[in-house]
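Participant: So here's coords-v6.json, just JSON, C-alpha atoms and all ligand atoms:
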```
[["chain", "number", "residue", "atom", "x", "y", "z"],
["A", 241, "MET", "CA", 140.04, 67.51, 72.75],
["A", 242, "PRO", "CA", 141.36, 66.35, 76.14],
["A", 243, "GLU", "CA", 142.46, 62.72, 76.26],
["A", 244, "ILE", "CA", 140.31, 62.11, 79.31],
["A", 245, "LEU", "CA", 136.95, 63.62, 80.22],
["A", 246, "LEU", "CA", 135.93, 64.34, 83.80],
["A", 247, "GLU", "CA", 132.31, 64.52, 84.93],
["A", 248, "ARG", "CA", 130.47, 64.67, 88.22],
["A", 249, "PRO", "CA", 127.33, 62.57, 87.73],
["A", 250, "ARG", "CA", 126.70, 63.23, 91.44],
["A", 251, "HIS", "CA", 128.37, 65.68, 93.80],
["A", 252, "ASP", "CA", 130.30, 62.84, 95.45],
["A", 253, "VAL", "CA", 131.14, 60.66, 92.42],
["A", 254, "LEU", "CA", 133.80, 61.36, 89.77],
["A", 255, "LEU", "CA", 133.42, 59.80, 86.33],
["A", 256, "VAL", "CA", 136.66, 59.52, 84.38],
["A", 257, "ARG", "CA", 136.30, 58.67, 80.68],
["A", 258, "LEU", "CA", 139.21, 57.76, 78.44],
["A", 259, "ASN", "CA", 138.79, 59.75, 75.25],
["A", 260, "ARG", "CA", 140.98, 58.53, 72.38],
["A", 261, "PRO", "CA", 138.32, 56.72, 70.34],
["A", 262, "GLU", "CA", 140.47, 56.95, 67.17],
["A", 263, "ALA", "CA", 143.10, 54.75, 68.88],
["A", 264, "LYS", "CA", 140.80, 52.45, 70.87],
["A", 265, "ASN", "CA", 141.76, 54.49, 73.93],
["A", 266, "ALA", "CA", 145.40, 53.39, 73.72],
["A", 267, "LEU", "CA", 147.34, 54.84, 76.62],
["A", 268, "ASN", "CA", 149.84, 57.39, 75.40],
["A", 269, "ASN", "CA", 151.80, 59.61, 77.73],
["A", 270, "ALA", "CA", 149.20, 62.38, 77.65],
["A", 271, "VAL", "CA", 146.45, 59.96, 78.76],
["A", 272, "ARG", "CA", 148.62, 58.58, 81.56],
["A", 273, "MET", "CA", 149.59, 62.05, 82.76],
["A", 274, "GLN", "CA", 146.01, 63.27, 82.71],
["A", 275, "LEU", "CA", 144.86, 60.14, 84.53],
["A", 276, "ALA", "CA", 147.53, 60.59, 87.19],
["A", 277, "GLU", "CA", 146.55, 64.22, 87.64],
["A", 278, "ALA", "CA", 142.85, 63.37, 87.91],
["A", 279, "PHE", "CA", 143.45, 60.64, 90.49],
["A", 280, "THR", "CA", 145.84, 62.79, 92.51],
["A", 281, "GLU", "CA", 143.28, 65.59, 92.65],
["A", 282, "ALA", "CA", 140.49, 63.14, 93.45],
["A", 283, "ALA", "CA", 142.51, 61.70, 96.33],
["A", 284, "ALA", "CA", 142.70, 65.15, 97.94],
["A", 285, "ASP", "CA", 139.05, 66.08, 97.35],
["A", 286, "ASP", "CA", 137.05, 65.47, 100.52],
["A", 287, "THR", "CA", 133.75, 65.81, 98.71],
["A", 288, "LEU", "CA", 134.49, 62.78, 96.50],
["A", 289, "ARG", "CA", 133.47, 59.34, 97.74],
["A", 290, "ALA", "CA", 133.92, 57.10, 94.69],
["A", 291, "ILE", "CA", 135.46, 57.13, 91.22],
["A", 292, "VAL", "CA", 134.17, 55.39, 88.10],
["A", 293, "LEU", "CA", 136.71, 54.83, 85.33],
["A", 294, "THR", "CA", 135.46, 53.97, 81.86],
["A", 295, "GLY", "CA", 136.17, 54.07, 78.12],
["A", 296, "ASN", "CA", 133.64, 53.87, 75.31],
["A", 297, "ALA", "CA", 131.48, 51.16, 73.75],
["A", 298, "GLU", "CA", 134.34, 49.68, 71.69],
["A", 299, "ALA", "CA", 137.22, 49.93, 74.09],
["A", 300, "PHE", "CA", 137.99, 50.46, 77.72],
["A", 301, "ALA", "CA", 141.61, 50.70, 76.55],
["A", 302, "ALA", "CA", 143.49, 48.60, 73.98],
["A", 303, "GLY", "CA", 146.77, 48.91, 75.84],
["A", 304, "ALA", "CA", 149.75, 51.18, 75.91],
["A", 305, "ASP", "CA", 150.18, 53.11, 72.67],
["A", 306, "ILE", "CA", 152.28, 50.75, 70.55],
["A", 307, "LYS", "CA", 153.17, 53.45, 67.99],
["A", 308, "ASP", "CA", 154.48, 55.58, 70.83],
["A", 309, "MET", "CA", 156.83, 52.81, 72.01],
["A", 310, "ALA", "CA", 157.86, 51.12, 68.79],
["A", 311, "GLU", "CA", 161.21, 52.87, 68.29],
["A", 312, "ALA", "CA", 162.05, 53.63, 71.92],
["A", 313, "GLY", "CA", 165.11, 52.26, 73.70],
["A", 314, "ALA", "CA", 165.30, 50.89, 77.23],
["A", 315, "ILE", "CA", 166.66, 54.07, 78.81],
["A", 316, "GLU", "CA", 164.05, 56.18, 77.08],
["A", 317, "ILE", "CA", 161.32, 53.89, 78.38],
["A", 318, "MET", "CA", 162.85, 54.07, 81.86],
["A", 319, "LEU", "CA", 163.08, 57.87, 81.73],
["A", 320, "ARG", "CA", 159.40, 58.13, 80.90],
["A", 321, "ARG", "CA", 158.87, 57.05, 84.55],
["A", 322, "THR", "CA", 155.39, 55.85, 83.78],
["A", 323, "HIS", "CA", 155.33, 53.80, 87.01],
["A", 324, "LEU", "CA", 154.97, 57.10, 88.89],
["A", 325, "LEU", "CA", 151.86, 57.89, 86.85],
["A", 326, "TRP", "CA", 150.36, 54.45, 87.46],
["A", 327, "ARG", "CA", 151.16, 54.82, 91.15],
["A", 328, "ALA", "CA", 148.81, 57.82, 91.41],
["A", 329, "ILE", "CA", 145.96, 55.49, 90.46],
["A", 330, "ALA", "CA", 147.11, 52.54, 92.57],
["A", 331, "GLN", "CA", 147.49, 54.72, 95.65],
["A", 332, "CYS", "CA", 144.20, 56.55, 95.34],
["A", 333, "PRO", "CA", 142.46, 56.06, 98.70],
["A", 334, "LYS", "CA", 138.96, 56.38, 97.23],
["A", 335, "PRO", "CA", 137.17, 53.32, 95.88],
["A", 336, "VAL", "CA", 137.62, 52.98, 92.13],
["A", 337, "ILE", "CA", 135.16, 51.11, 89.91],
["A", 338, "ALA", "CA", 136.19, 50.19, 86.36],
["A", 339, "ALA", "CA", 133.26, 50.10, 83.93],
["A", 340, "VAL", "CA", 134.56, 48.01, 81.02],
["A", 341, "ASN", "CA", 133.04, 47.74, 77.56],
["A", 342, "GLY", "CA", 134.93, 46.29, 74.62],
["A", 343, "TYR", "CA", 138.68, 45.77, 74.72],
["A", 344, "ALA", "CA", 140.65, 45.81, 77.96],
["A", 345, "LEU", "CA", 143.99, 44.68, 76.58],
["A", 346, "GLY", "CA", 147.57, 45.03, 77.78],
["A", 347, "GLY", "CA", 147.85, 48.31, 79.67],
["A", 348, "GLY", "CA", 144.04, 48.51, 79.44],
["A", 349, "CYS", "CA", 143.63, 45.27, 81.36],
["A", 350, "GLU", "CA", 146.29, 46.50, 83.78],
["A", 351, "LEU", "CA", 144.40, 49.77, 84.19],
["A", 352, "ALA", "CA", 141.18, 47.87, 84.97],
["A", 353, "MET", "CA", 143.11, 45.84, 87.55],
["A", 354, "HIS", "CA", 144.10, 49.08, 89.30],
["A", 355, "ALA", "CA", 140.41, 49.44, 90.19],
["A", 356, "ASP", "CA", 138.81, 47.91, 93.27],
["A", 357, "ILE", "CA", 135.72, 46.62, 91.48],
["A", 358, "ILE", "CA", 135.35, 45.75, 87.79],
["A", 359, "ILE", "CA", 131.96, 45.78, 86.07],
["A", 360, "ALA", "CA", 132.17, 44.30, 82.57],
["A", 361, "GLY", "CA", 129.78, 44.24, 79.64],
["A", 362, "GLU", "CA", 128.95, 40.89, 78.06],
["A", 363, "SER", "CA", 131.05, 41.74, 74.97],
["A", 364, "ALA", "CA", 134.10, 42.89, 76.89],
["A", 365, "GLN", "CA", 137.42, 41.15, 76.33],
["A", 366, "PHE", "CA", 140.33, 41.03, 78.76],
["A", 367, "GLY", "CA", 143.83, 40.10, 77.74],
["A", 368, "GLN", "CA", 147.56, 40.67, 78.09],
["A", 369, "PRO", "CA", 148.71, 40.45, 74.44],
["A", 370, "GLU", "CA", 152.10, 42.14, 74.96],
["A", 371, "VAL", "CA", 153.99, 38.95, 74.13],
["A", 372, "ARG", "CA", 152.63, 39.16, 70.60],
["A", 373, "VAL", "CA", 154.51, 42.44, 70.03],
["A", 374, "GLY", "CA", 157.74, 41.26, 71.62],
["A", 375, "ILE", "CA", 157.38, 42.62, 75.13],
["A", 376, "MET", "CA", 155.63, 41.66, 78.35],
["A", 377, "PRO", "CA", 153.18, 43.36, 80.70],
["A", 378, "GLY", "CA", 154.82, 46.27, 82.50],
["A", 379, "ALA", "CA", 152.15, 47.82, 84.71],
["A", 380, "GLY", "CA", 151.10, 44.93, 86.91],
["A", 381, "GLY", "CA", 149.90, 42.48, 84.29],
["A", 382, "THR", "CA", 152.11, 39.67, 85.51],
["A", 383, "GLN", "CA", 151.58, 40.40, 89.20],
["A", 384, "ARG", "CA", 148.05, 41.74, 89.71],
["A", 385, "LEU", "CA", 146.68, 39.19, 87.26],
["A", 386, "LEU", "CA", 148.53, 36.38, 89.05],
["A", 387, "ARG", "CA", 147.10, 37.47, 92.37],
["A", 388, "ALA", "CA", 143.58, 37.86, 90.95],
["A", 389, "VAL", "CA", 143.23, 34.61, 89.03],
["A", 390, "GLY", "CA", 146.08, 32.34, 90.17],
["A", 391, "LYS", "CA", 149.15, 31.01, 88.39],
["A", 392, "PHE", "CA", 147.64, 28.72, 85.79],
["A", 393, "LYS", "CA", 144.99, 31.03, 84.34],
["A", 394, "ALA", "CA", 147.39, 33.99, 84.44],
["A", 395, "MET", "CA", 150.25, 32.13, 82.76],
["A", 396, "LYS", "CA", 147.97, 30.97, 79.97],
["A", 397, "MET", "CA", 146.75, 34.51, 79.30],
["A", 398, "VAL", "CA", 150.16, 36.19, 79.48],
["A", 399, "LEU", "CA", 152.14, 33.54, 77.58],
["A", 400, "THR", "CA", 149.64, 33.20, 74.71],
["A", 401, "GLY", "CA", 148.34, 36.76, 74.63],
["A", 402, "LYS", "CA", 144.90, 35.30, 73.96],
["A", 403, "PRO", "CA", 142.08, 37.37, 75.44],
["A", 404, "VAL", "CA", 139.25, 35.97, 77.53],
["A", 405, "THR", "CA", 135.59, 36.90, 77.35],
["A", 406, "ALA", "CA", 133.83, 38.78, 80.12],
["A", 407, "ARG", "CA", 132.15, 35.55, 81.25],
["A", 408, "GLU", "CA", 135.48, 33.72, 81.34],
["A", 409, "ALA", "CA", 136.98, 36.64, 83.23],
["A", 410, "GLU", "CA", 134.13, 36.50, 85.72],
["A", 411, "ALA", "CA", 134.57, 32.74, 86.22],
["A", 412, "MET", "CA", 138.28, 33.19, 86.95],
["A", 413, "GLY", "CA", 137.75, 36.08, 89.38],
["A", 414, "LEU", "CA", 139.04, 38.86, 87.15],
["A", 415, "VAL", "CA", 135.78, 40.83, 87.15],
["A", 416, "SER", "CA", 133.26, 41.52, 89.89],
["A", 417, "GLU", "CA", 130.12, 41.34, 87.77],
["A", 418, "VAL", "CA", 129.06, 40.95, 84.13],
["A", 419, "VAL", "CA", 126.03, 42.91, 82.90],
["A", 420, "ALA", "CA", 124.47, 43.70, 79.52],
["A", 421, "ASP", "CA", 126.72, 46.03, 77.52],
["A", 422, "ALA", "CA", 124.33, 48.97, 77.82],
["A", 423, "GLU", "CA", 124.09, 48.48, 81.57],
["A", 424, "VAL", "CA", 127.80, 48.74, 82.36],
["A", 425, "LEU", "CA", 128.00, 52.42, 83.14],
["A", 426, "PRO", "CA", 124.60, 52.62, 84.91],
["A", 427, "ALA", "CA", 125.56, 49.59, 87.04],
["A", 428, "ALA", "CA", 128.95, 51.09, 87.88],
["A", 429, "LEU", "CA", 127.39, 54.45, 88.77],
["A", 430, "ALA", "CA", 124.75, 52.77, 90.92],
["A", 431, "LEU", "CA", 127.48, 50.90, 92.75],
["A", 432, "ALA", "CA", 129.43, 54.13, 93.18],
["A", 433, "GLN", "CA", 126.32, 55.76, 94.64],
["A", 434, "THR", "CA", 125.87, 52.88, 97.10],
["A", 435, "ILE", "CA", 129.48, 53.11, 98.23],
["A", 436, "ALA", "CA", 129.36, 56.92, 98.34],
["A", 437, "ALA", "CA", 126.53, 56.65, 100.87],
["A", 438, "MET", "CA", 128.73, 54.61, 103.23],
["A", 439, "PRO", "CA", 130.80, 56.27, 105.95],
["A", 440, "PRO", "CA", 133.95, 57.32, 104.05],
["A", 441, "LEU", "CA", 136.48, 56.69, 106.80],
["A", 442, "ALA", "CA", 135.32, 53.07, 107.02],
["A", 443, "VAL", "CA", 135.40, 52.75, 103.23],
["A", 444, "GLN", "CA", 138.95, 54.09, 103.04],
["A", 445, "GLN", "CA", 140.19, 51.91, 105.89],
["A", 446, "ILE", "CA", 138.68, 48.84, 104.23],
["A", 447, "LYS", "CA", 140.38, 49.61, 100.92],
["A", 448, "GLU", "CA", 143.74, 50.38, 102.52],
["A", 449, "VAL", "CA", 143.76, 47.29, 104.73],
["A", 450, "MET", "CA", 142.57, 44.92, 102.02],
["A", 451, "LEU", "CA", 145.19, 46.07, 99.52],
["A", 452, "ALA", "CA", 148.08, 46.31, 101.98],
["A", 453, "GLY", "CA", 147.10, 43.09, 103.74],
["A", 454, "ALA", "CA", 146.86, 41.07, 100.54],
["A", 455, "ASP", "CA", 150.63, 41.21, 100.11],
["A", 456, "ALA", "CA", 151.58, 40.88, 103.78],
["A", 457, "PRO", "CA", 151.98, 37.75, 105.93],
["A", 458, "LEU", "CA", 148.62, 36.76, 107.43],
["A", 459, "GLU", "CA", 149.51, 37.69, 111.02],
["A", 460, "THR", "CA", 150.68, 41.16, 109.88],
["A", 461, "ALA", "CA", 147.60, 41.59, 107.73],
["A", 462, "LEU", "CA", 145.33, 40.61, 110.61],
["A", 463, "MET", "CA", 147.11, 43.11, 112.84],
["A", 464, "LEU", "CA", 146.57, 45.82, 110.21],
["A", 465, "GLU", "CA", 142.90, 44.90, 110.12],
["A", 466, "ARG", "CA", 142.62, 44.97, 113.92],
["A", 467, "LYS", "CA", 144.28, 48.38, 114.19],
["A", 468, "ALA", "CA", 142.07, 49.92, 111.52],
["A", 469, "PHE", "CA", 138.99, 48.32, 113.13],
["A", 470, "GLN", "CA", 139.96, 49.86, 116.48],
["A", 471, "LEU", "CA", 140.71, 53.24, 114.88],
["A", 472, "LEU", "CA", 137.21, 53.52, 113.44],
["A", 473, "PHE", "CA", 135.76, 53.53, 116.98],
["A", 474, "ASP", "CA", 137.11, 57.06, 117.30],
["A", 475, "SER", "CA", 135.07, 58.28, 114.35],
["A", 476, "LYS", "CA", 131.82, 60.18, 114.75],
["A", 477, "ASP", "CA", 130.40, 58.09, 111.92],
["A", 478, "GLN", "CA", 130.84, 54.89, 113.96],
["A", 479, "LYS", "CA", 128.81, 56.41, 116.79],
["A", 480, "GLU", "CA", 126.23, 57.72, 114.34],
["A", 481, "GLY", "CA", 125.97, 54.39, 112.49],
["A", 482, "MET", "CA", 125.49, 52.30, 115.61],
["A", 483, "ARG", "CA", 123.13, 54.76, 117.30],
["A", 484, "ALA", "CA", 121.04, 55.05, 114.15],
["A", 485, "PHE", "CA", 120.78, 51.27, 114.05],
["A", 486, "ALA", "CA", 119.58, 51.14, 117.67],
["A", 487, "GLU", "CA", 117.17, 54.03, 117.11],
["A", 488, "LYS", "CA", 115.83, 52.47, 113.89],
["A", 489, "ARG", "CA", 116.61, 55.51, 111.71],
["A", 490, "ARG", "CA", 118.83, 56.24, 108.71],
["A", 491, "PRO", "CA", 122.35, 57.28, 109.67],
["A", 492, "ASP", "CA", 123.63, 60.71, 108.68],
["A", 493, "TYR", "CA", 127.35, 60.27, 107.97],
["A", 494, "GLN", "CA", 129.67, 63.29, 108.09],
["A", 495, "GLY", "CA", 132.97, 61.71, 107.08],
["A", 496, "CYS", "CA", 134.68, 62.31, 110.42],
["B", 501, "LIG", "C1", 148.29, 52.20, 69.33],
["B", 501, "LIG", "C2", 146.28, 51.34, 68.67],
["B", 501, "LIG", "C3", 146.33, 50.38, 69.72],
["B", 501, "LIG", "C4", 147.45, 50.41, 70.60],
["B", 501, "LIG", "C5", 144.52, 50.08, 68.58],
["B", 501, "LIG", "N1", 145.15, 51.11, 68.00],
["B", 501, "LIG", "N2", 145.21, 49.62, 69.63],
["B", 501, "LIG", "N3", 147.25, 52.23, 68.48],
["B", 501, "LIG", "N4", 148.40, 51.33, 70.35],
["B", 501, "LIG", "N5", 147.56, 49.58, 71.64],
["B", 501, "LIG", "C6", 144.74, 51.87, 66.82],
["B", 501, "LIG", "C7", 144.96, 51.10, 65.53],
["B", 501, "LIG", "O1", 146.29, 51.19, 65.13],
["B", 501, "LIG", "C8", 144.00, 51.81, 64.60],
["B", 501, "LIG", "O2", 144.59, 53.02, 64.18],
["B", 501, "LIG", "C9", 142.83, 52.17, 65.52],
["B", 501, "LIG", "O3", 143.34, 52.11, 66.86],
["B", 501, "LIG", "C10", 141.71, 51.16, 65.42],
["B", 501, "LIG", "O4", 142.24, 49.87, 65.66],
["B", 501, "LIG", "P1", 142.02, 48.63, 64.67],
["B", 501, "LIG", "O5", 143.14, 47.69, 64.90],
["B", 501, "LIG", "O6", 141.80, 49.11, 63.27],
["B", 501, "LIG", "O7", 140.65, 48.06, 65.23],
["B", 501, "LIG", "P2", 140.15, 46.54, 65.28],
["B", 501, "LIG", "O8", 140.43, 45.84, 64.00],
["B", 501, "LIG", "O9", 138.76, 46.62, 65.78],
["B", 501, "LIG", "O10", 141.09, 45.82, 66.41],
["B", 501, "LIG", "C11", 141.03, 46.31, 67.72],
["B", 501, "LIG", "C12", 142.18, 45.66, 68.58],
["B", 501, "LIG", "C13", 143.53, 45.90, 67.83],
["B", 501, "LIG", "C14", 141.92, 44.15, 68.70],
["B", 501, "LIG", "C15", 142.14, 46.29, 69.93],
["B", 501, "LIG", "O11", 143.65, 47.31, 67.52],
["B", 501, "LIG", "C16", 144.72, 45.49, 68.65],
["B", 501, "LIG", "O12", 145.10, 44.31, 68.68],
["B", 501, "LIG", "N6", 145.41, 46.47, 69.29],
["B", 501, "LIG", "C17", 146.62, 46.22, 69.99],
["B", 501, "LIG", "C18", 146.36, 45.55, 71.32],
["B", 501, "LIG", "C19", 147.65, 45.29, 72.05],
["B", 501, "LIG", "O13", 148.57, 44.62, 71.57],
["B", 501, "LIG", "N7", 147.76, 45.86, 73.30],
["B", 501, "LIG", "C20", 148.95, 45.73, 74.08],
["B", 501, "LIG", "C21", 149.88, 46.90, 73.81],
["B", 501, "LIG", "S1", 151.38, 46.80, 74.74],
["B", 501, "LIG", "P3", 144.54, 53.50, 62.64],
["B", 501, "LIG", "O14", 145.37, 54.71, 62.63],
["B", 501, "LIG", "O15", 145.06, 52.36, 61.82],
["B", 501, "LIG", "O16", 143.07, 53.77, 62.40],
["B", 501, "LIG", "C22", 150.95, 47.25, 76.27],
["B", 501, "LIG", "C23", 152.09, 47.30, 77.25],
["B", 501, "LIG", "C24", 151.66, 47.81, 78.58],
["B", 501, "LIG", "O17", 149.83, 47.51, 76.58],
["B", 501, "LIG", "C25", 152.83, 48.23, 79.38],
["B", 501, "LIG", "C26", 152.45, 49.19, 80.48],
["B", 501, "LIG", "C27", 153.61, 49.97, 81.04]]
```
Could you write out this structure as structure tokens?

Facilitator:
Amino acid sequence: MPEILLERPRHDVLLVRLNRPEAKNALNNAVRMQLAEAFTEAAADDTLRAIVLTGNAEAFAAGADIKDMAEAGAIEIMLRRTHLLWRAIAQCPKPVIAAVNGYALGGGCELAMHADIIIAGESAQFGQPEVRVGIMPGAGGTQRLLRAVGKFKAMKMVLTGKPVTAREAEAMGLVSEVVADAEVLPAALALAQTIAAMPPLAVQQIKEVMLAGADAPLETALMLERKAFQLLFDSKDQKEGMRAFAEKRRPDYQGC
């Protein structure tokens, strides 16, 4: 069985499912390579407008595969170059929605934080428990978490390894929305459909500017925003969107 499953619930939406139920979807090298490949291909596919990333009812992902790392040395870990595989997800220009049921721990929480929107089920748990096995987060868990929830919530999670509930995660800004467990995937797919109906150049510019701007000085970030805003006025979809508004009809976006 492949470690990830790819489906097209709609022609313009890709559904990526982690598929290691026997290991709570722990991220081994095969999973990471297959994820990187799927996101690289999705980035280049003009027919795709949104990606939903999910696990199963018990686990989104319970972290990097501990058994796969237990006896490794530092150079071996370095030579695995897993940051290049994560980068394929982080740099995907299409909007990514994580649909999280169950455990999102360690690398699983980090994977969810690679998404642009996180929909969580009521029973989901988010945590960075690496400290409990003698390491620390290594795929953004100290940095993306810090930026999402602030120093004091992030430090507590990372230094204790104690997970938070979906509701706690929502209150601290780590998830976009909490829904009933059974509604996670339908809600994520509905959101993907909504975003897929938007003009894709605008969607991609928004994602790029928000992510790049978040780590830039404000003046630089505002300049990035202004340039992207100006750029969109050369798209056919901008003309179509504004004309359709004035003519009181639905816009027909072409992605150019
Ligand atoms: C390898 C894992 C695993 C993991 C679960 N399994 N998590 N295997 N790596 N991260 C395996 C178990 O060994 C077990 O295999 C099977 O999945 C079912 O898990 P159980 O523990 O029996 O289930 P349960 O009692 O329900 O507990 C679920 C759990 C627990 C709370 C998620 O498994 C757990 O604490 N897992 C580890 C979580 C963790 O520490 N994550 C951080 C990893 S470090 P068998 O063969 O016994 O049936 C990390 C670093 C990221 O993520 C760095 C990125 C570069």

Participant: Enumerate residues in contact with ligand LIG 501 (chain B): an atom-to-atom distance of at most 7 Å, counting all atoms listed in the file. Format the result as a count of residues only.

Facilitator: 25

Participant: Considering all atoms listed in the file, state which residue in the set A:Ala344, A:Cys332, A:Val415, A:Val404 is at the smallest distance from A:Leu451.

Facilitator: A:Cys332

Participant: Work out how far apart atom CA of A:Glu362 and atom CA of A:Pro249 are and give it in Å to one decimal.

Facilitator: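 Spanning atom CA of A:Glu362 to atom CA of A:Pro249 is a straight-line distance of 23.8 Å.
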
Participant: Atom CA of A:Ala394 and atom CA of A:Met412, how far apart in Å?

Facilitator: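 If I compute the distance from atom CA of A:Met412 to atom CA of A:Ala394, I get 9.5 Å.
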
Participant: Compile the contact shell of A:Gly361 as a PDB file with C-alpha atoms, keeping the file's coordinate frame: residues with an atom at most 9 Å away, counting only C-alpha atoms, same-chain residues fewer than 3 positions apart removed.

Facilitator:
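Listed below is the output, part_7.pdb:
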```pdb
ATOM      1  CA  ALA A 339     133.260  50.100  83.930  1.00  0.00           C
ATOM      2  CA  VAL A 340     134.560  48.010  81.020  1.00  0.00           C
ATOM      3  CA  ASN A 341     133.040  47.740  77.560  1.00  0.00           C
ATOM      4  CA  GLY A 342     134.930  46.290  74.620  1.00  0.00           C
ATOM      5  CA  ALA A 364     134.100  42.890  76.890  1.00  0.00           C
ATOM      6  CA  GLN A 365     137.420  41.150  76.330  1.00  0.00           C
ATOM      7  CA  ALA A 406     133.830  38.780  80.120  1.00  0.00           C
ATOM      8  CA  GLU A 417     130.120  41.340  87.770  1.00  0.00           C
ATOM      9  CA  VAL A 418     129.060  40.950  84.130  1.00  0.00           C
ATOM     10  CA  VAL A 419     126.030  42.910  82.900  1.00  0.00           C
ATOM     11  CA  ALA A 420     124.470  43.700  79.520  1.00  0.00           C
ATOM     12  CA  ASP A 421     126.720  46.030  77.520  1.00  0.00           C
ATOM     13  CA  ALA A 422     124.330  48.970  77.820  1.00  0.00           C
ATOM     14  CA  GLU A 423     124.090  48.480  81.570  1.00  0.00           C
ATOM     15  CA  VAL A 424     127.800  48.740  82.360  1.00  0.00           C
TER      16      VAL A 424
END
```

Participant: Report as JSON the centre and the edge lengths, in Å to one decimal, of the axis-aligned box holding every listed atom of stretch 420-427 of chain A, padded by 3 Å on each side.

Facilitator:
```
{"center_x": 126.0, "center_y": 48.2, "center_z": 82.3, "size_x": 9.9, "size_y": 14.9, "size_z": 15.5}
```

Participant: By how many Å are atom CA of A:Ile446 and atom CA of A:Ala352 apart?

Facilitator: 19.4 Å

Participant: Which residue, A:Val371, A:Ile329, A:Ile359, A:Leu414, has the smallest gap to A:Glu281 when you use all atoms listed in the file?

Facilitator: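 Closest candidate: A:Ile329.
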
Participant: With distances taken over all atoms listed in the file, which residue among A:Ile357, A:Leu471, A:Ala486, A:Ala328 lies nearest A:Ala427?

Facilitator: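 Between A:Ile357, A:Leu471, A:Ala486, A:Ala328, the residue approaching A:Ala427 most closely is A:Ile357.
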
Participant: Leaving out A:Met241 and any residue of its chain fewer than 6 positions from it, which residues lie within 12 Å of it when counting only C-alpha atoms, given as a PyMOL selection string?

Facilitator: chain A and resi 258-262+270-271
